[in-house]
$ cat data26.tsv   # TSV, C-alpha atoms and all ligand atoms
chain	number	residue	atom	x	y	z
A	1	MET	CA	0.00	0.00	0.00
A	2	LYS	CA	1.39	3.36	-1.04
A	3	THR	CA	-0.27	6.70	-0.34
A	4	ILE	CA	0.68	10.14	-1.67
A	5	LEU	CA	-0.89	13.41	-0.56
A	6	LYS	CA	-1.64	15.78	-3.44
A	7	THR	CA	-2.40	19.39	-2.64
A	8	GLU	CA	-2.31	21.05	-6.03
A	9	VAL	CA	-5.25	19.44	-7.85
A	10	THR	CA	-7.79	22.10	-8.79
A	11	VAL	CA	-11.56	21.91	-9.14
A	12	ARG	CA	-11.03	22.84	-12.79
A	13	SER	CA	-8.92	19.78	-13.50
A	14	ILE	CA	-11.08	17.41	-11.45
A	15	CYS	CA	-14.18	18.51	-13.34
A	16	ASP	CA	-12.54	18.43	-16.74
A	17	GLY	CA	-14.69	16.13	-18.84
A	18	PHE	CA	-17.21	15.65	-16.04
A	19	VAL	CA	-20.14	13.54	-17.16
A	20	TYR	CA	-23.30	13.34	-15.16
A	21	ASN	CA	-25.68	10.47	-15.67
A	22	GLU	CA	-29.19	11.84	-15.10
A	23	LEU	CA	-30.73	8.39	-15.29
A	24	GLU	CA	-28.67	6.92	-12.51
A	25	GLY	CA	-28.21	10.24	-10.75
A	26	LYS	CA	-24.48	10.05	-10.45
A	27	GLY	CA	-21.28	11.60	-11.71
A	28	LEU	CA	-19.25	9.30	-13.92
A	29	PHE	CA	-15.92	10.73	-15.01
A	30	GLY	CA	-13.48	13.57	-14.38
A	31	LEU	CA	-9.82	14.55	-14.84
A	32	ALA	CA	-10.21	14.47	-18.61
A	33	GLY	CA	-11.46	10.91	-18.50
A	34	LYS	CA	-8.71	9.64	-16.25
A	35	LEU	CA	-10.89	9.55	-13.16
A	36	THR	CA	-13.78	7.18	-12.61
A	37	ILE	CA	-16.04	8.83	-10.09
A	38	GLN	CA	-18.10	5.84	-9.17
A	39	PRO	CA	-16.42	2.47	-9.47
A	40	GLU	CA	-18.69	-0.57	-9.20
A	41	TYR	CA	-17.68	-1.72	-5.75
A	42	GLN	CA	-18.35	1.63	-4.13
A	43	ARG	CA	-22.07	1.31	-4.21
A	44	ASN	CA	-22.32	-1.82	-2.18
A	45	TYR	CA	-19.53	-1.26	0.23
A	46	ILE	CA	-17.49	1.87	0.60
A	47	TYR	CA	-19.77	4.63	-0.46
A	48	ALA	CA	-22.64	3.66	1.80
A	49	SER	CA	-20.44	3.54	4.88
A	50	ILE	CA	-18.44	6.71	4.41
A	51	ASP	CA	-19.57	9.87	2.76
A	52	GLY	CA	-21.81	11.68	5.16
A	53	GLY	CA	-23.92	13.03	2.33
A	54	LYS	CA	-23.02	16.71	2.38
A	55	LYS	CA	-25.47	18.81	0.50
A	56	GLU	CA	-24.47	20.14	-2.88
A	57	VAL	CA	-24.88	23.77	-2.00
A	58	ALA	CA	-22.77	23.48	1.13
A	59	VAL	CA	-19.89	22.16	-0.95
A	60	ILE	CA	-19.97	25.20	-3.23
A	61	ASP	CA	-20.41	27.61	-0.32
A	62	SER	CA	-17.40	26.09	1.41
A	63	ILE	CA	-15.26	26.48	-1.69
A	64	LEU	CA	-16.33	30.11	-2.08
A	65	LYS	CA	-15.49	30.83	1.54
A	66	GLY	CA	-12.11	29.18	1.18
A	67	TYR	CA	-12.97	26.36	3.57
A	68	PRO	CA	-11.59	22.92	2.89
A	69	ILE	CA	-14.15	20.37	1.80
A	70	GLY	CA	-12.28	17.52	3.39
A	71	LEU	CA	-9.91	14.85	2.27
A	72	ILE	CA	-10.65	13.05	-0.96
A	73	TYR	CA	-9.27	9.59	-1.61
A	74	PHE	CA	-8.37	8.21	-5.01
A	75	ASN	CA	-7.36	4.68	-5.79
A	76	LYS	CA	-4.58	4.62	-8.36
A	77	ILE	CA	-5.26	1.75	-10.78
A	78	ASN	CA	-2.39	2.62	-13.14
A	79	SER	CA	-0.63	5.74	-14.38
A	80	ASP	CA	-3.65	6.57	-16.52
A	81	LYS	CA	-6.54	5.52	-14.36
A	82	LEU	CA	-7.82	6.66	-10.97
A	83	GLU	CA	-10.98	5.82	-9.08
A	84	VAL	CA	-12.68	7.81	-6.35
A	85	LEU	CA	-12.61	5.94	-3.06
A	86	ASP	CA	-14.11	8.69	-0.98
A	87	GLY	CA	-15.36	12.08	-2.14
A	88	GLN	CA	-17.76	11.01	-4.85
A	89	GLN	CA	-20.55	13.17	-3.54
A	90	ARG	CA	-18.36	16.25	-3.23
A	91	ILE	CA	-16.84	15.82	-6.69
A	92	THR	CA	-20.26	15.20	-8.20
A	93	SER	CA	-21.55	18.37	-6.52
A	94	LEU	CA	-18.71	20.38	-8.03
A	95	GLY	CA	-19.21	18.90	-11.48
A	96	ARG	CA	-22.94	19.43	-11.39
A	97	PHE	CA	-22.54	23.02	-10.29
A	98	LEU	CA	-20.10	23.81	-13.10
A	99	ALA	CA	-22.62	22.24	-15.48
A	100	ASP	CA	-25.38	24.57	-14.18
A	101	LYS	CA	-27.36	21.66	-12.75
A	102	PHE	CA	-28.19	23.58	-9.61
A	103	ALA	CA	-27.88	27.10	-8.22
A	104	ILE	CA	-26.60	28.58	-4.97
A	105	LYS	CA	-27.82	31.72	-3.21
A	106	ASP	CA	-25.65	34.83	-3.42
A	107	GLU	CA	-25.18	37.51	-0.72
A	108	ASN	CA	-28.57	39.01	-1.58
A	109	GLY	CA	-30.35	35.69	-1.46
A	110	MET	CA	-30.63	35.56	-5.26
A	111	GLU	CA	-30.30	32.26	-7.10
A	112	GLN	CA	-27.04	32.04	-8.89
A	113	TYR	CA	-25.92	29.52	-11.47
A	114	PHE	CA	-22.27	29.00	-12.25
A	115	SER	CA	-22.53	30.40	-15.79
A	116	GLY	CA	-24.14	33.58	-14.42
A	117	MET	CA	-21.50	34.24	-11.80
A	118	ALA	CA	-18.95	37.01	-11.94
A	119	LYS	CA	-15.66	35.89	-13.52
A	120	ASP	CA	-13.69	36.29	-10.30
A	121	LYS	CA	-16.10	34.06	-8.43
A	122	GLN	CA	-16.05	31.49	-11.18
A	123	ASN	CA	-12.27	31.49	-11.02
A	124	LYS	CA	-12.28	31.16	-7.27
A	125	ILE	CA	-14.18	27.91	-7.67
A	126	LEU	CA	-12.19	26.66	-10.64
A	127	GLU	CA	-8.83	27.39	-9.05
A	128	ALA	CA	-9.73	26.03	-5.62
A	129	LYS	CA	-7.37	23.25	-4.63
A	130	LEU	CA	-8.52	19.95	-3.28
A	131	LEU	CA	-6.71	17.77	-0.82
A	132	ILE	CA	-6.33	14.35	-2.34
A	133	TYR	CA	-4.78	11.14	-1.09
A	134	GLU	CA	-3.78	8.84	-3.89
A	135	CYS	CA	-3.59	5.27	-2.71
A	136	GLU	CA	-2.02	2.44	-4.58
A	137	GLY	CA	-2.68	-1.17	-3.65
A	138	THR	CA	-4.87	-4.14	-4.30
A	139	GLU	CA	-8.60	-3.73	-3.91
A	140	SER	CA	-8.69	-5.78	-0.73
A	141	GLU	CA	-5.72	-3.87	0.72
A	142	ILE	CA	-7.47	-0.62	0.03
A	143	LYS	CA	-10.77	-1.79	1.44
A	144	GLU	CA	-9.04	-3.01	4.56
A	145	TRP	CA	-7.05	0.19	4.99
A	146	PHE	CA	-10.12	2.29	4.40
A	147	LYS	CA	-12.10	0.41	6.98
A	148	THR	CA	-9.31	0.98	9.48
A	149	ILE	CA	-8.88	4.72	8.99
A	150	ASN	CA	-12.60	5.34	9.07
A	151	ILE	CA	-13.46	3.20	12.04
A	152	ALA	CA	-10.42	3.44	14.24
A	153	GLY	CA	-8.85	6.56	12.84
A	154	VAL	CA	-9.58	10.04	14.11
A	155	PRO	CA	-10.49	12.10	11.08
A	156	LEU	CA	-8.59	15.31	10.51
A	157	ASN	CA	-10.44	18.34	11.81
A	158	ASN	CA	-10.84	21.53	9.82
A	159	GLN	CA	-7.73	23.26	11.07
A	160	GLU	CA	-5.58	20.18	10.57
A	161	LEU	CA	-6.82	20.05	6.99
A	162	LEU	CA	-6.07	23.72	6.45
A	163	ASN	CA	-2.58	23.22	7.88
A	164	ALA	CA	-2.05	20.49	5.30
A	165	VAL	CA	-3.49	22.55	2.46
A	166	TYR	CA	-1.47	25.67	3.24
A	167	SER	CA	1.64	23.98	4.57
A	168	GLY	CA	4.68	26.24	4.46
A	169	PRO	CA	6.74	28.57	6.68
A	170	PHE	CA	3.68	30.37	8.05
A	171	VAL	CA	1.96	27.21	9.27
A	172	THR	CA	5.24	25.95	10.73
A	173	LEU	CA	5.71	29.14	12.76
A	174	GLY	CA	2.03	29.22	13.72
A	175	LYS	CA	2.21	25.70	15.05
A	176	GLU	CA	5.41	26.44	16.99
A	177	GLU	CA	3.59	29.22	18.79
A	178	PHE	CA	0.02	27.96	19.13
A	179	SER	CA	0.17	24.19	18.86
A	180	ASN	CA	2.98	23.54	21.29
A	181	SER	CA	1.59	22.21	24.54
A	182	GLN	CA	4.86	23.18	26.24
A	183	ASN	CA	4.19	26.86	25.56
A	184	ALA	CA	3.87	28.53	28.96
A	185	ASN	CA	1.04	30.73	27.70
A	186	ILE	CA	-1.32	27.83	27.06
A	187	GLN	CA	-2.68	27.97	30.58
A	188	LYS	CA	-3.50	31.67	30.30
A	189	TRP	CA	-5.11	31.18	26.87
A	190	SER	CA	-7.15	28.26	28.15
A	191	ALA	CA	-9.12	30.62	30.35
A	192	TYR	CA	-10.64	32.13	27.20
A	193	VAL	CA	-10.17	29.61	24.42
A	194	SER	CA	-11.48	26.06	24.55
A	195	GLY	CA	-9.78	23.04	23.04
A	196	THR	CA	-6.26	21.74	23.02
A	197	ALA	CA	-2.98	22.78	21.48
A	198	ASN	CA	-2.33	19.48	19.73
A	199	ARG	CA	-5.68	19.52	17.91
A	200	GLN	CA	-4.88	23.04	16.66
A	201	ASP	CA	-7.65	24.78	18.59
A	202	PHE	CA	-5.52	27.75	19.68
A	203	LEU	CA	-4.06	28.22	16.22
A	204	GLU	CA	-7.56	28.02	14.77
A	205	ARG	CA	-8.90	30.63	17.20
A	206	ALA	CA	-5.96	32.97	16.59
A	207	LEU	CA	-6.50	32.71	12.83
A	208	ASP	CA	-10.26	33.07	13.20
A	209	TRP	CA	-9.88	36.28	15.18
A	210	VAL	CA	-7.27	37.97	13.02
A	211	SER	CA	-9.07	37.01	9.80
A	212	LYS	CA	-12.57	37.83	11.08
A	213	GLY	CA	-13.63	34.31	10.26
A	214	ASN	CA	-11.91	33.94	6.88
A	215	ILE	CA	-9.26	31.47	7.97
A	216	GLY	CA	-8.67	29.87	4.58
A	217	ASP	CA	-8.21	33.21	2.81
A	218	TYR	CA	-5.85	34.42	5.48
A	219	MET	CA	-3.73	31.29	5.40
A	220	SER	CA	-3.56	31.36	1.64
A	221	LYS	CA	-2.47	35.00	1.64
A	222	HIS	CA	0.20	34.49	4.28
A	223	ARG	CA	1.26	30.99	3.28
A	224	TYR	CA	4.86	31.95	2.45
A	225	ASP	CA	5.31	34.61	5.14
A	226	LYS	CA	8.48	34.26	7.19
A	227	ASP	CA	6.87	35.58	10.35
A	228	ILE	CA	3.55	35.43	12.21
A	229	ASN	CA	3.80	38.86	13.85
A	230	GLU	CA	0.34	40.06	12.88
A	231	LEU	CA	-1.29	36.82	14.01
A	232	LYS	CA	0.51	36.86	17.35
A	233	THR	CA	-0.01	40.54	18.01
A	234	TYR	CA	-3.72	40.39	17.28
A	235	PHE	CA	-4.30	37.27	19.36
A	236	ASN	CA	-2.36	38.65	22.33
A	237	GLY	CA	-4.20	41.95	21.93
A	238	VAL	CA	-7.55	40.21	22.31
A	239	ILE	CA	-6.40	38.12	25.28
A	240	ASP	CA	-4.83	41.14	27.03
A	241	TRP	CA	-7.99	43.16	26.46
A	242	VAL	CA	-10.29	40.50	27.94
A	243	SER	CA	-8.06	39.93	30.92
A	244	SER	CA	-7.82	43.63	31.69
A	245	VAL	CA	-11.56	44.31	31.38
A	246	PHE	CA	-12.63	41.20	33.30
A	247	THR	CA	-10.15	40.72	36.10
A	248	ASP	CA	-11.81	37.58	37.53
A	249	ILE	CA	-11.57	34.42	35.50
A	250	GLU	CA	-14.84	32.51	35.30
A	251	SER	CA	-15.20	29.11	33.63
A	252	GLU	CA	-18.01	30.41	31.38
A	253	MET	CA	-15.52	32.74	29.68
A	254	ARG	CA	-13.95	29.79	27.96
A	255	GLY	CA	-14.82	29.55	24.30
A	256	LEU	CA	-16.73	32.84	23.97
A	257	GLU	CA	-16.39	34.85	20.77
A	258	TRP	CA	-13.75	37.13	22.18
A	259	GLY	CA	-12.51	38.17	18.76
A	260	ARG	CA	-15.91	39.54	17.82
A	261	LEU	CA	-16.40	41.16	21.23
A	262	TYR	CA	-12.96	42.75	20.99
A	263	GLU	CA	-13.81	44.26	17.61
A	264	GLU	CA	-17.10	45.59	18.93
A	265	TYR	CA	-16.03	46.94	22.30
A	266	HIS	CA	-12.29	47.45	22.65
A	267	LYS	CA	-12.53	51.17	21.94
A	268	LYS	CA	-14.85	51.73	24.89
A	269	SER	CA	-13.39	52.30	28.32
A	270	TYR	CA	-14.38	50.16	31.28
A	271	ASP	CA	-13.77	50.42	35.01
A	272	SER	CA	-12.55	46.93	35.86
A	273	THR	CA	-13.48	47.27	39.54
A	274	LYS	CA	-17.08	48.13	38.70
A	275	ILE	CA	-17.16	45.42	36.05
A	276	SER	CA	-15.94	42.84	38.52
A	277	ALA	CA	-18.68	43.82	40.98
A	278	GLU	CA	-21.29	43.57	38.24
A	279	VAL	CA	-20.10	40.13	37.16
A	280	GLN	CA	-20.31	38.92	40.76
A	281	LYS	CA	-23.79	40.41	41.17
A	282	LEU	CA	-25.08	38.69	38.02
A	283	TYR	CA	-23.41	35.42	38.94
A	284	ALA	CA	-25.19	35.52	42.28
A	285	ASP	CA	-28.56	36.32	40.68
A	286	PRO	CA	-30.71	33.19	40.60
A	287	TYR	CA	-32.76	34.59	37.71
A	288	VAL	CA	-29.80	34.70	35.35
A	289	LYS	CA	-29.89	31.45	33.42
A	290	SER	CA	-27.07	32.13	30.93
A	291	ARG	CA	-23.82	33.00	32.64
A	292	LYS	CA	-22.10	32.87	29.27
A	293	GLY	CA	-24.11	35.94	28.32
A	294	VAL	CA	-22.99	37.98	31.32
A	295	PHE	CA	-19.83	39.29	29.66
A	296	GLU	CA	-21.37	40.56	26.46
A	297	TYR	CA	-24.28	41.98	28.46
A	298	ILE	CA	-21.91	44.05	30.57
A	299	LEU	CA	-19.74	45.11	27.62
A	300	GLY	CA	-22.84	46.37	25.86
A	301	GLY	CA	-23.82	48.58	28.81
A	302	SER	CA	-26.10	46.14	30.69
A	303	ILE	CA	-29.07	46.65	28.39
A	304	ASP	CA	-29.68	43.53	26.37
A	305	THR	CA	-31.22	41.20	28.95
A	306	LYS	CA	-31.89	38.59	26.25
A	307	LEU	CA	-28.22	37.63	26.59
A	308	LEU	CA	-28.85	36.55	30.18
A	309	GLU	CA	-31.90	34.41	29.46
A	310	VAL	CA	-33.58	35.72	32.56
A	311	ARG	CA	-35.89	33.15	34.09
A	312	VAL	CA	-39.52	33.42	33.03
A	313	PHE	CA	-42.69	32.95	35.02
A	314	ASP	CA	-43.84	29.36	35.15
A	315	GLU	CA	-47.20	28.16	33.83
A	316	ALA	CA	-48.80	27.85	37.27
A	317	ILE	CA	-48.09	31.50	38.09
A	318	LYS	CA	-49.33	32.63	34.67
A	319	LYS	CA	-52.59	30.71	35.02
A	320	SER	CA	-53.37	31.98	38.51
A	321	ILE	CA	-52.59	35.60	37.61
A	322	TYR	CA	-54.67	35.24	34.45
A	323	ALA	CA	-57.66	33.91	36.42
A	324	LYS	CA	-57.42	36.69	38.99
A	325	GLN	CA	-57.07	39.50	36.42
A	326	THR	CA	-59.87	38.11	34.24
A	327	LYS	CA	-62.31	37.76	37.12
A	328	GLU	CA	-61.68	41.35	38.26
A	329	ALA	CA	-61.90	42.67	34.69
A	330	GLU	CA	-65.22	40.92	34.04
A	331	SER	CA	-66.76	42.39	37.18
A	332	LYS	CA	-65.76	45.89	36.01
A	333	SER	CA	-66.51	45.24	32.31
A	334	ILE	CA	-62.98	46.22	31.32
A	335	SER	CA	-60.24	44.37	29.46
A	336	ASN	CA	-58.20	41.79	31.36
A	337	CYS	CA	-55.09	43.41	29.87
A	338	PRO	CA	-54.50	46.40	32.19
A	339	HIS	CA	-52.92	48.39	29.36
A	340	CYS	CA	-55.84	47.75	27.00
A	341	ALA	CA	-58.23	48.70	29.84
A	342	MET	CA	-56.59	52.15	30.01
A	343	GLY	CA	-56.97	52.71	26.28
A	344	HIS	CA	-59.81	54.16	24.28
A	345	ASP	CA	-60.19	51.74	21.43
A	346	ALA	CA	-62.33	48.66	20.98
A	347	ASN	CA	-59.92	46.59	23.05
A	348	LYS	CA	-60.64	48.50	26.24
A	349	SER	CA	-63.22	45.92	27.29
A	350	LYS	CA	-61.77	42.95	25.48
A	351	ILE	CA	-61.26	39.74	27.44
A	352	TRP	CA	-58.19	38.05	26.02
A	353	LYS	CA	-57.70	34.30	26.17
A	354	LEU	CA	-54.78	32.92	28.14
A	355	ASP	CA	-52.83	32.04	25.00
A	356	GLU	CA	-53.30	35.57	23.69
A	357	MET	CA	-51.41	37.01	26.67
A	358	ASP	CA	-47.86	36.93	28.01
A	359	ALA	CA	-46.47	37.26	31.50
A	360	ASP	CA	-44.69	40.52	32.31
A	361	HIS	CA	-42.50	41.67	35.18
A	362	VAL	CA	-44.36	44.64	36.75
A	363	MET	CA	-41.03	45.93	37.95
A	364	ALA	CA	-38.43	45.06	35.31
A	365	TRP	CA	-35.96	42.36	36.23
A	366	SER	CA	-33.10	44.73	35.38
A	367	LYS	CA	-34.42	47.16	37.99
A	368	GLY	CA	-34.57	44.50	40.69
A	369	GLY	CA	-38.02	43.04	39.97
A	370	GLU	CA	-38.27	39.39	40.91
A	371	THR	CA	-39.78	36.50	38.95
A	372	LYS	CA	-42.49	35.87	41.54
A	373	ALA	CA	-46.30	35.95	41.42
A	374	GLU	CA	-46.38	39.30	43.26
A	375	ASN	CA	-44.39	40.86	40.41
A	376	CYS	CA	-46.31	39.19	37.57
A	377	GLN	CA	-49.01	40.67	35.41
A	378	MET	CA	-50.54	39.28	32.26
A	379	LEU	CA	-50.57	41.60	29.24
A	380	CYS	CA	-51.93	41.04	25.77
A	381	LYS	CA	-49.12	40.04	23.43
A	382	THR	CA	-49.04	43.43	21.72
A	383	HIS	CA	-48.68	45.39	24.95
A	384	ASN	CA	-46.18	42.93	26.34
A	385	ARG	CA	-44.02	43.31	23.28
A	386	ALA	CA	-44.37	47.09	23.39
A	387	LYS	CA	-43.23	47.28	26.97
A	388	GLY	CA	-39.68	46.12	26.22
A	389	ASN	CA	-36.85	46.30	28.74
A	390	ARG	CA	-37.92	43.29	30.69
B	1	ZN	ZN	-53.25	45.05	25.91
$ encode --input "data26.tsv" --output "structure tokens"
Amino acid sequence: MKTILKTEVTVRSICDGFVYNELEGKGLFGLAGKLTIQPEYQRNYIYASIDGGKKEVAVIDSILKGYPIGLIYFNKINSDKLEVLDGQQRITSLGRFLADKFAIKDENGMEQYFSGMAKDKQNKILEAKLLIYECEGTESEIKEWFKTINIAGVPLNNQELLNAVYSGPFVTLGKEEFSNSQNANIQKWSAYVSGTANRQDFLERALDWVSKGNIGDYMSKHRYDKDINELKTYFNGVIDWVSSVFTDIESEMRGLEWGRLYEEYHKKSYDSTKISAEVQKLYADPYVKSRKGVFEYILGGSIDTKLLEVRVFDEAIKKSIYAKQTKEAESKSISNCPHCAMGHDANKSKIWKLDEMDADHVMAWSKGGETKAENCQMLCKTHNRAKGNR
């Protein structure tokens, strides 16, 4: 068994001579006839057990975003003949898209076929490189090997794939800094970033932050750089900012989108003593369900209570308050929504049904109002929505 990793095969060359069989619903050939996309044995054994069935559109979207679409395996029959072992679905998606068999949605939600795309976008797809393992061996060797890597093997994750695709001085330096579990900074980073060094999670986060989510593009652009200064400086900038704004380390900080929060809030000034007190107050508040949301809530000026998922009134409280309000309203011939009752339109004597009303904090939670029956009133959905700041 021999395997060679190929990193320079483009979508254009894979789809050269692509033939799609409408009748059988499958792609047949590629690489100018050299590649058989669906060999006979795949159907009954390999194909069924492996390809997860990624949707066609997702394949194209990934390519356009510069994301890897995963490893593809070819079986080398001879110097002139290859068969797809794994990746049939992805290759067929690419071929079908280039043949205008389906459309994707563009930024404005408009359907877009390949032939109608701007030239630069077309080229981005055509020139995208795939990561291909060419294996050479007998059919039974290959089947056996394939079974082993897919059952016992840990598949490469996204960042590991990207490291392979964009291998070069930049990745080497990046891994020395971010993927070295001996790096003394790992412990500090782990307070804010989840994952492990050896599975590339810190490198991935650093790239994600500096590239604003366009990791593939960034790696491609910097592939031959001899330093990683920008990457390091940005990452450390984010970490230093978080640790100076929030002086206590809480476990819920781990894995938050600090890169995005840094971009949004690092120009605002914060008093870390006050911030610390506010974090402690919210952590002690039994009504706060999402502690993960505490940090963004505070950064944003303690306004967006949705981030905290404040506890809501339970059904028993809602029902009893509804019954009480409705009984009183009926005796006075006014609406059971106190806000409607104060109005002058047709709703002022309307009796709403329970499912037409929502529970509201009389005194807002953010102003100290508790989630108890004494602080609950039922409002019609319109008035409840209008009240805001809950
Ligand atoms: Zn109302």
$ closest_atom_pairs --input "data26.tsv" --of "stretch 199-298 of chain A" --to "stretch 311-334 of chain A" --cutoff "10 Å" --atoms "all atoms listed in the file" --output "JSON lines"
{"residue": "A:Pro286", "atom": "CA", "partner": "A:Arg311", "partner_atom": "CA", "distance": 8.3}
{"residue": "A:Tyr287", "atom": "CA", "partner": "A:Arg311", "partner_atom": "CA", "distance": 5.0}
{"residue": "A:Val288", "atom": "CA", "partner": "A:Arg311", "partner_atom": "CA", "distance": 6.4}
{"residue": "A:Lys289", "atom": "CA", "partner": "A:Arg311", "partner_atom": "CA", "distance": 6.3}
{"residue": "A:Ser290", "atom": "CA", "partner": "A:Arg311", "partner_atom": "CA", "distance": 9.4}
$ residues_around --input "data26.tsv" --residues "A:Ile125" --least-positions-apart "4" --cutoff "12 Å" --atoms "all atoms listed in the file" --output "ChimeraX atom specification"
/A:10-15,59-68,94-95,97-98,114-115,117-121,129-130
$ residues_near_ligand --input "data26.tsv" --ligand "ligand ZN 1 (chain B)" --cutoff "8 Å" --atoms "all atoms listed in the file" --output "PyMOL selection string"
chain A and resi 335+337-341+347+379-384
$ residues_around --input "data26.tsv" --residues "A:Gly259" --least-positions-apart "3" --cutoff "9 Å" --atoms "all atoms listed in the file" --output "list in words"
Arg205, Ala206, Asp208, Trp209, Val210, Lys212, Phe235, Val238, Ile239, Leu256, Tyr262, Glu263 and Glu264 of chain A
$ write_last_selection --input "data26.tsv" --atoms "C-alpha atoms" --output "mmCIF file, keeping the file's coordinate frame"
data_model
loop_
_atom_site.group_PDB
_atom_site.id
_atom_site.type_symbol
_atom_site.label_atom_id
_atom_site.label_comp_id
_atom_site.auth_asym_id
_atom_site.auth_seq_id
_atom_site.Cartn_x
_atom_site.Cartn_y
_atom_site.Cartn_z
ATOM 1 C CA ARG A 205 -8.900 30.630 17.200
ATOM 2 C CA ALA A 206 -5.960 32.970 16.590
ATOM 3 C CA ASP A 208 -10.260 33.070 13.200
ATOM 4 C CA TRP A 209 -9.880 36.280 15.180
ATOM 5 C CA VAL A 210 -7.270 37.970 13.020
ATOM 6 C CA LYS A 212 -12.570 37.830 11.080
ATOM 7 C CA PHE A 235 -4.300 37.270 19.360
ATOM 8 C CA VAL A 238 -7.550 40.210 22.310
ATOM 9 C CA ILE A 239 -6.400 38.120 25.280
ATOM 10 C CA LEU A 256 -16.730 32.840 23.970
ATOM 11 C CA TYR A 262 -12.960 42.750 20.990
ATOM 12 C CA GLU A 263 -13.810 44.260 17.610
ATOM 13 C CA GLU A 264 -17.100 45.590 18.930
#
$ closest_residue --input "data26.tsv" --among "A:Ser190, A:Thr233, A:Asn336, A:Gln200" --to "A:Arg254" --atoms "only C-alpha atoms"
A:Ser190
$ closest_residue --input "data26.tsv" --among "A:Asn163, A:Ser179, A:Glu257, A:Lys267" --to "A:Ser220" --atoms "all atoms listed in the file"
A:Asn163
$ residues_around --input "data26.tsv" --residues "stretch 69-77 of chain A" --least-positions-apart "3" --cutoff "6 Å" --atoms "only C-alpha atoms" --output "number ranges by chain"
A: 81-87, 131-136
$ atom_distance --input "data26.tsv" --atom1 "atom CA of A:Ala58" --atom2 "atom CA of A:Gly213"
16.9 Å
$ closest_residue --input "data26.tsv" --among "A:Ile275, A:Leu35, A:Val57, A:Ile186" --to "A:Ala103" --atoms "all atoms listed in the file"
A:Val57
$ atom_distance --input "data26.tsv" --atom1 "atom CA of A:Asn236" --atom2 "atom CA of A:Ala184"
13.6 Å
$ atom_distance --input "data26.tsv" --atom1 "atom CA of A:Ser302" --atom2 "atom CA of A:Val279"
10.7 Å
$ residues_around --input "data26.tsv" --residues "A:Ser251" --least-positions-apart "3" --cutoff "10 Å" --atoms "only C-alpha atoms" --output "list of chain:residue names"
A:Ser190, A:Ala191, A:Tyr192, A:Asp248, A:Arg254, A:Gly255, A:Arg291, A:Lys292
$ residues_around --input "data26.tsv" --residues "A:Thr247" --least-positions-apart "5" --cutoff "12 Å" --atoms "all atoms listed in the file" --output "PyMOL selection string"
chain A and resi 191+239-242+253+270-280+295
$ axis_aligned_box --input "data26.tsv" --around "stretch 199-205 of chain A" --padding-each-side "3 Å" --output "lines of an AutoDock Vina configuration file"
center_x = -6.5
center_y = 25.1
center_z = 17.2
size_x = 10.8
size_y = 17.1
size_z = 10.9
